[in-house]
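First comes the structure, then the notes that go with it.
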Amino acid sequence: MSVVYAVAHRIGFTPWERAGAASAERSAALLAREEAERSAPYGPALDLGCGSGAHAVALAERGWRVTAVDAVGVAVGRARARALAHGVDVRVVQADVTRMGPDLVGGDVDFFLDVGCFHGLRDAQRAAMGRCVTACAARGATMLVLAFRPGHRGPLPRGADRADLAAAYPGWDLIEDAAADVSGLPLLLRGSAPHWYRLRRS
């Protein structure tokens with residue numbers, strides 16, 4: 001999937017960013033729910049597959065201590081530029097989410113955000129990502145994952161469901177599952193029925 005995303009970023013075809021902007025109100029409500037369980041200033045947050053950094057910047061503006069990771073160099077450069085333009089401190093790391101560790105992205109992370117990263121990976125990559133995330137997570141950490149419903153979509157993300165998340169994150173409890181807003185998605189992808197999944201480390 002990283003090759004697909006690298007090409008998409010290079011040619012400026014990033015429909016997921018338009019979808020993110022359209023669902024900003026819903027995303028803000030989900031983040032507010034995470035914050036309601038914590039006291040400000042908030043702890044470390046890790047944006048997995050951060051793309052050009054829109055979500056990482058939003059987290060930093062809300063008071064989180066943010067690290068963002070992406071394997072695509074063009075995306076990493078744009079994320080750094082976005083953080084600078086917004087005047088927020090976001091540490092952006094170019095790395096593979098299946099090979100990162102606390103030495104690279106930090107440990108005792110309180111909150112993880114995955115907006116469309118996990119659902120494009122192969123099974124072995126998902127298992128590796130699960131191990132990496134868990135190694136970086138604080139006890140009681142939470143995670144939000146946005147994923148398409150599983151299906152065959154050619155080069156597009158194949159999607160993921162509750163069973164896929166449970167297999168990759170055995171040390172986590174899946175505590176919520178809710179349909180996501182599809183209004184910003186291209187018509188072709190609205191049938192992908194994306195869901196927000198919320199997990200908590202046991």
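Within each chain, counting starts at residue 1; across the structure tokens, chains are named A, B, ... in the order shown, with ligands numbered 1 upward in that order.
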Env of Tyr42 in chain A: 9 Å cut, atoms = only C-alpha atoms, seq-sep filter 5 positions within chain, self excluded. Answer as a ChimeraX atom specification.
/A:35,62-65,110
Once you have the residues from the selection above, write them out as a PDB file, in the first residue's frame, restricted to C-alpha atoms.
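Heads up, here's the output in out.pdb:
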ATOM      1  CA  GLU A  35     -10.137  13.823  26.474  1.00  0.00           C
ATOM      2  CA  ARG A  62      -6.038  20.261  21.394  1.00  0.00           C
ATOM      3  CA  GLY A  63      -3.124  19.882  23.800  1.00  0.00           C
ATOM      4  CA  TRP A  64      -1.735  16.413  23.061  1.00  0.00           C
ATOM      5  CA  ARG A  65       1.999  15.722  22.869  1.00  0.00           C
ATOM      6  CA  ASP A 110      -1.644   7.233  25.949  1.00  0.00           C
TER       7      ASP A 110
END
Among the residues of range 12-190 of chain A, find those DSSP assigns to helix (DSSP H, G or I) from the backbone and print them as a compact mmCIF listing (two decimals) with N, CA and C atoms, in the first residue's frame.
# COMPACT_ATOMS: atom_id res chain seq x y z
N PRO A 15 -7.95 11.86 -1.90
CA PRO A 15 -9.37 12.03 -1.56
C PRO A 15 -9.69 11.80 -0.09
N TRP A 16 -8.84 11.03 0.60
CA TRP A 16 -9.07 10.80 2.04
C TRP A 16 -8.93 12.10 2.83
N GLU A 17 -8.16 13.04 2.31
CA GLU A 17 -8.05 14.32 3.03
C GLU A 17 -9.34 15.12 2.91
N ARG A 18 -9.97 15.08 1.74
CA ARG A 18 -11.26 15.75 1.57
C ARG A 18 -12.31 15.10 2.47
N ALA A 19 -12.25 13.77 2.55
CA ALA A 19 -13.20 13.06 3.42
C ALA A 19 -12.97 13.44 4.87
N GLY A 20 -11.70 13.57 5.27
CA GLY A 20 -11.39 13.96 6.63
C GLY A 20 -11.92 15.34 6.97
N ALA A 21 -11.79 16.27 6.02
CA ALA A 21 -12.28 17.62 6.24
C ALA A 21 -13.80 17.63 6.39
N ALA A 22 -14.47 16.80 5.59
CA ALA A 22 -15.94 16.76 5.63
C ALA A 22 -16.45 16.17 6.94
N ALA A 24 -14.91 16.45 9.90
CA ALA A 24 -14.13 17.06 10.98
C ALA A 24 -14.93 17.17 12.28
N GLU A 25 -16.22 17.47 12.16
CA GLU A 25 -17.04 17.63 13.36
C GLU A 25 -17.15 16.30 14.12
N ARG A 26 -17.36 15.22 13.38
CA ARG A 26 -17.45 13.90 14.01
C ARG A 26 -16.11 13.51 14.64
N SER A 27 -15.02 13.79 13.93
CA SER A 27 -13.70 13.47 14.46
C SER A 27 -13.43 14.25 15.75
N ALA A 28 -13.82 15.52 15.76
CA ALA A 28 -13.61 16.34 16.95
C ALA A 28 -14.39 15.78 18.13
N ALA A 29 -15.60 15.28 17.88
CA ALA A 29 -16.41 14.69 18.96
C ALA A 29 -15.74 13.43 19.51
N LEU A 30 -15.14 12.63 18.64
CA LEU A 30 -14.46 11.42 19.09
C LEU A 30 -13.24 11.78 19.95
N LEU A 31 -12.52 12.81 19.54
CA LEU A 31 -11.36 13.23 20.33
C LEU A 31 -11.80 13.82 21.67
N ALA A 32 -12.90 14.56 21.67
CA ALA A 32 -13.41 15.13 22.92
C ALA A 32 -13.77 14.03 23.90
N ARG A 33 -14.29 12.92 23.40
CA ARG A 33 -14.62 11.79 24.27
C ARG A 33 -13.35 11.20 24.88
N GLU A 34 -12.27 11.11 24.09
CA GLU A 34 -11.00 10.62 24.65
C GLU A 34 -10.51 11.55 25.75
N GLU A 35 -10.64 12.83 25.53
CA GLU A 35 -10.14 13.82 26.47
C GLU A 35 -10.97 13.88 27.75
N ALA A 36 -12.23 13.53 27.64
CA ALA A 36 -13.11 13.55 28.82
C ALA A 36 -12.64 12.56 29.87
N ALA A 54 -2.86 16.33 8.92
CA ALA A 54 -4.04 17.08 9.37
C ALA A 54 -4.49 16.64 10.76
N HIS A 55 -4.54 15.33 10.99
CA HIS A 55 -5.00 14.83 12.29
C HIS A 55 -3.96 15.08 13.37
N ALA A 56 -2.69 14.96 13.03
CA ALA A 56 -1.63 15.21 14.01
C ALA A 56 -1.66 16.66 14.48
N VAL A 57 -1.86 17.57 13.54
CA VAL A 57 -1.95 19.00 13.89
C VAL A 57 -3.17 19.25 14.77
N ALA A 58 -4.30 18.64 14.42
CA ALA A 58 -5.52 18.82 15.22
C ALA A 58 -5.31 18.33 16.65
N LEU A 59 -4.63 17.20 16.81
CA LEU A 59 -4.34 16.68 18.15
C LEU A 59 -3.45 17.64 18.92
N ALA A 60 -2.41 18.15 18.27
CA ALA A 60 -1.50 19.08 18.94
C ALA A 60 -2.22 20.36 19.35
N GLU A 61 -3.12 20.84 18.51
CA GLU A 61 -3.87 22.05 18.84
C GLU A 61 -4.79 21.84 20.03
N GLY A 73 7.85 9.54 2.20
CA GLY A 73 8.64 10.74 2.41
C GLY A 73 7.92 12.03 2.05
N VAL A 74 7.18 12.04 0.94
CA VAL A 74 6.45 13.24 0.53
C VAL A 74 5.43 13.62 1.60
N ALA A 75 4.73 12.63 2.14
CA ALA A 75 3.73 12.90 3.18
C ALA A 75 4.39 13.45 4.43
N VAL A 76 5.53 12.88 4.81
CA VAL A 76 6.25 13.34 6.00
C VAL A 76 6.65 14.80 5.84
N GLY A 77 7.17 15.16 4.68
CA GLY A 77 7.54 16.55 4.43
C GLY A 77 6.36 17.49 4.54
N ARG A 78 5.22 17.07 4.01
CA ARG A 78 4.02 17.91 4.08
C ARG A 78 3.50 18.02 5.51
N ALA A 79 3.60 16.94 6.26
CA ALA A 79 3.15 16.97 7.65
C ALA A 79 4.01 17.94 8.46
N ARG A 80 5.30 17.90 8.24
CA ARG A 80 6.19 18.83 8.95
C ARG A 80 5.87 20.28 8.57
N ALA A 81 5.64 20.52 7.30
CA ALA A 81 5.31 21.88 6.85
C ALA A 81 3.97 22.34 7.42
N ARG A 82 3.00 21.43 7.51
CA ARG A 82 1.69 21.78 8.06
C ARG A 82 1.81 22.15 9.54
N ALA A 83 2.57 21.37 10.29
CA ALA A 83 2.75 21.67 11.72
C ALA A 83 3.41 23.03 11.89
N LEU A 84 4.42 23.30 11.07
CA LEU A 84 5.11 24.59 11.15
C LEU A 84 4.15 25.74 10.82
N ALA A 85 3.35 25.56 9.77
CA ALA A 85 2.40 26.60 9.36
C ALA A 85 1.36 26.88 10.44
N HIS A 86 0.98 25.85 11.20
CA HIS A 86 -0.03 26.00 12.25
C HIS A 86 0.59 26.39 13.59
N PRO A 102 9.55 1.86 20.62
CA PRO A 102 9.67 2.98 21.55
C PRO A 102 10.92 3.81 21.33
N ASP A 103 12.00 3.17 20.86
CA ASP A 103 13.23 3.92 20.61
C ASP A 103 13.07 4.93 19.48
N LEU A 104 12.13 4.67 18.59
CA LEU A 104 11.92 5.54 17.43
C LEU A 104 10.78 6.53 17.64
N VAL A 105 9.66 6.07 18.19
CA VAL A 105 8.47 6.94 18.28
C VAL A 105 8.07 7.25 19.72
N PHE A 118 -4.18 0.75 9.17
CA PHE A 118 -4.28 -0.69 9.42
C PHE A 118 -5.05 -1.41 8.32
N HIS A 119 -6.13 -0.81 7.84
CA HIS A 119 -7.03 -1.54 6.94
C HIS A 119 -6.46 -1.79 5.55
N GLY A 120 -5.29 -1.22 5.24
CA GLY A 120 -4.67 -1.47 3.95
C GLY A 120 -3.53 -2.47 4.00
N ASP A 123 -2.04 -9.42 6.27
CA ASP A 123 -2.20 -10.03 7.60
C ASP A 123 -0.90 -10.01 8.41
N ALA A 124 0.22 -10.39 7.78
CA ALA A 124 1.49 -10.41 8.51
C ALA A 124 1.88 -9.00 8.95
N GLN A 125 1.62 -8.01 8.11
CA GLN A 125 1.91 -6.62 8.47
C GLN A 125 1.04 -6.16 9.63
N ARG A 126 -0.22 -6.57 9.62
CA ARG A 126 -1.13 -6.20 10.71
C ARG A 126 -0.64 -6.76 12.04
N ALA A 127 -0.21 -8.01 12.01
CA ALA A 127 0.29 -8.62 13.25
C ALA A 127 1.53 -7.88 13.74
N ALA A 128 2.42 -7.51 12.82
CA ALA A 128 3.63 -6.79 13.19
C ALA A 128 3.29 -5.40 13.72
N MET A 129 2.34 -4.74 13.09
CA MET A 129 1.91 -3.42 13.56
C MET A 129 1.34 -3.53 14.97
N GLY A 130 0.53 -4.55 15.20
CA GLY A 130 -0.05 -4.75 16.53
C GLY A 130 1.02 -4.90 17.60
N ARG A 131 2.06 -5.67 17.29
CA ARG A 131 3.15 -5.85 18.26
C ARG A 131 3.88 -4.53 18.51
N CYS A 132 4.13 -3.78 17.44
CA CYS A 132 4.84 -2.50 17.57
C CYS A 132 4.03 -1.50 18.39
N VAL A 133 2.74 -1.39 18.10
CA VAL A 133 1.88 -0.45 18.82
C VAL A 133 1.83 -0.83 20.30
N THR A 134 1.64 -2.10 20.58
CA THR A 134 1.53 -2.54 21.97
C THR A 134 2.83 -2.27 22.74
N ALA A 135 3.96 -2.43 22.06
CA ALA A 135 5.24 -2.17 22.71
C ALA A 135 5.40 -0.69 23.10
N CYS A 136 4.70 0.19 22.39
CA CYS A 136 4.79 1.63 22.65
C CYS A 136 3.72 2.13 23.61
N ARG A 162 -13.93 -6.17 13.13
CA ARG A 162 -13.63 -6.45 14.53
C ARG A 162 -12.70 -7.66 14.69
N ALA A 163 -12.94 -8.70 13.90
CA ALA A 163 -12.12 -9.91 14.00
C ALA A 163 -10.67 -9.63 13.60
N ASP A 164 -10.48 -8.81 12.58
CA ASP A 164 -9.12 -8.47 12.15
C ASP A 164 -8.38 -7.70 13.24
N LEU A 165 -9.08 -6.76 13.87
CA LEU A 165 -8.46 -6.00 14.95
C LEU A 165 -8.14 -6.89 16.14
N ALA A 166 -9.06 -7.78 16.48
CA ALA A 166 -8.83 -8.68 17.61
C ALA A 166 -7.62 -9.58 17.37
N ALA A 167 -7.44 -10.01 16.13
CA ALA A 167 -6.31 -10.87 15.80
C ALA A 167 -4.98 -10.12 15.91
N ALA A 168 -4.97 -8.87 15.51
CA ALA A 168 -3.73 -8.09 15.50
C ALA A 168 -3.40 -7.48 16.86
N LEU A 187 -18.12 8.96 -4.39
CA LEU A 187 -19.31 8.09 -4.51
C LEU A 187 -18.91 6.62 -4.61
N LEU A 188 -17.83 6.34 -5.32
CA LEU A 188 -17.39 4.96 -5.52
C LEU A 188 -17.07 4.26 -4.21
N LEU A 189 -16.67 5.03 -3.18
CA LEU A 189 -16.23 4.43 -1.92
C LEU A 189 -17.27 4.52 -0.80
N ARG A 190 -18.40 5.12 -1.06
CA ARG A 190 -19.37 5.26 0.03
C ARG A 190 -19.94 3.91 0.46
Selection: 8 Å around Arg91 in chain A, only C-alpha atoms, excl. self and same-chain fewer than 2 positions, as a ChimeraX atom specification
/A:66-68,80,89,93
Skip Arg198 in chain A itself and residues of its chain fewer than 5 positions away, then list as a list in words all residues within 7 Å of it, counting only C-alpha atoms.
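Near Arg198 in chain A, the qualifying residues are Met143, Leu144, Val145, Leu174, Ile175, Glu176 and Asp177 of chain A.
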From the set A:Val90, A:Ala179, A:Gly106, A:Val69, which residue has the shortest atom-to-atom contact distance to Ala138 in chain A, counting only C-alpha atoms?
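Ranked by minimum distance to Ala138 in chain A, first place goes to A:Gly106.
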Between CA of Arg201 in chain A and CA of Asp47 in chain A, distance in Å (one decimal):
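Taking CA of Arg201 in chain A as the start and CA of Asp47 in chain A as the end point, the length is 16.5 Å.
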Taking the DSSP secondary structure from the backbone, can you list the residues of chain A that are strand (DSSP E), as a ChimeraX atom specification?
/A:44-48,65-70,90-94,109-115,137-147,172-179,195-201
Grab the CA of Asp173 in chain A to CA of His152 in chain A distance for me, in Å with one decimal place.
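Atom-to-atom, CA of Asp173 in chain A and CA of His152 in chain A are spaced 27.1 Å apart.
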Pick the closest to Gly140 in chain A from A:Ala40, A:Val109, A:Ala45, A:Val88: which is it, counting only C-alpha atoms?
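Between A:Ala40, A:Val109, A:Ala45, A:Val88, the residue approaching Gly140 in chain A most closely is A:Val109.
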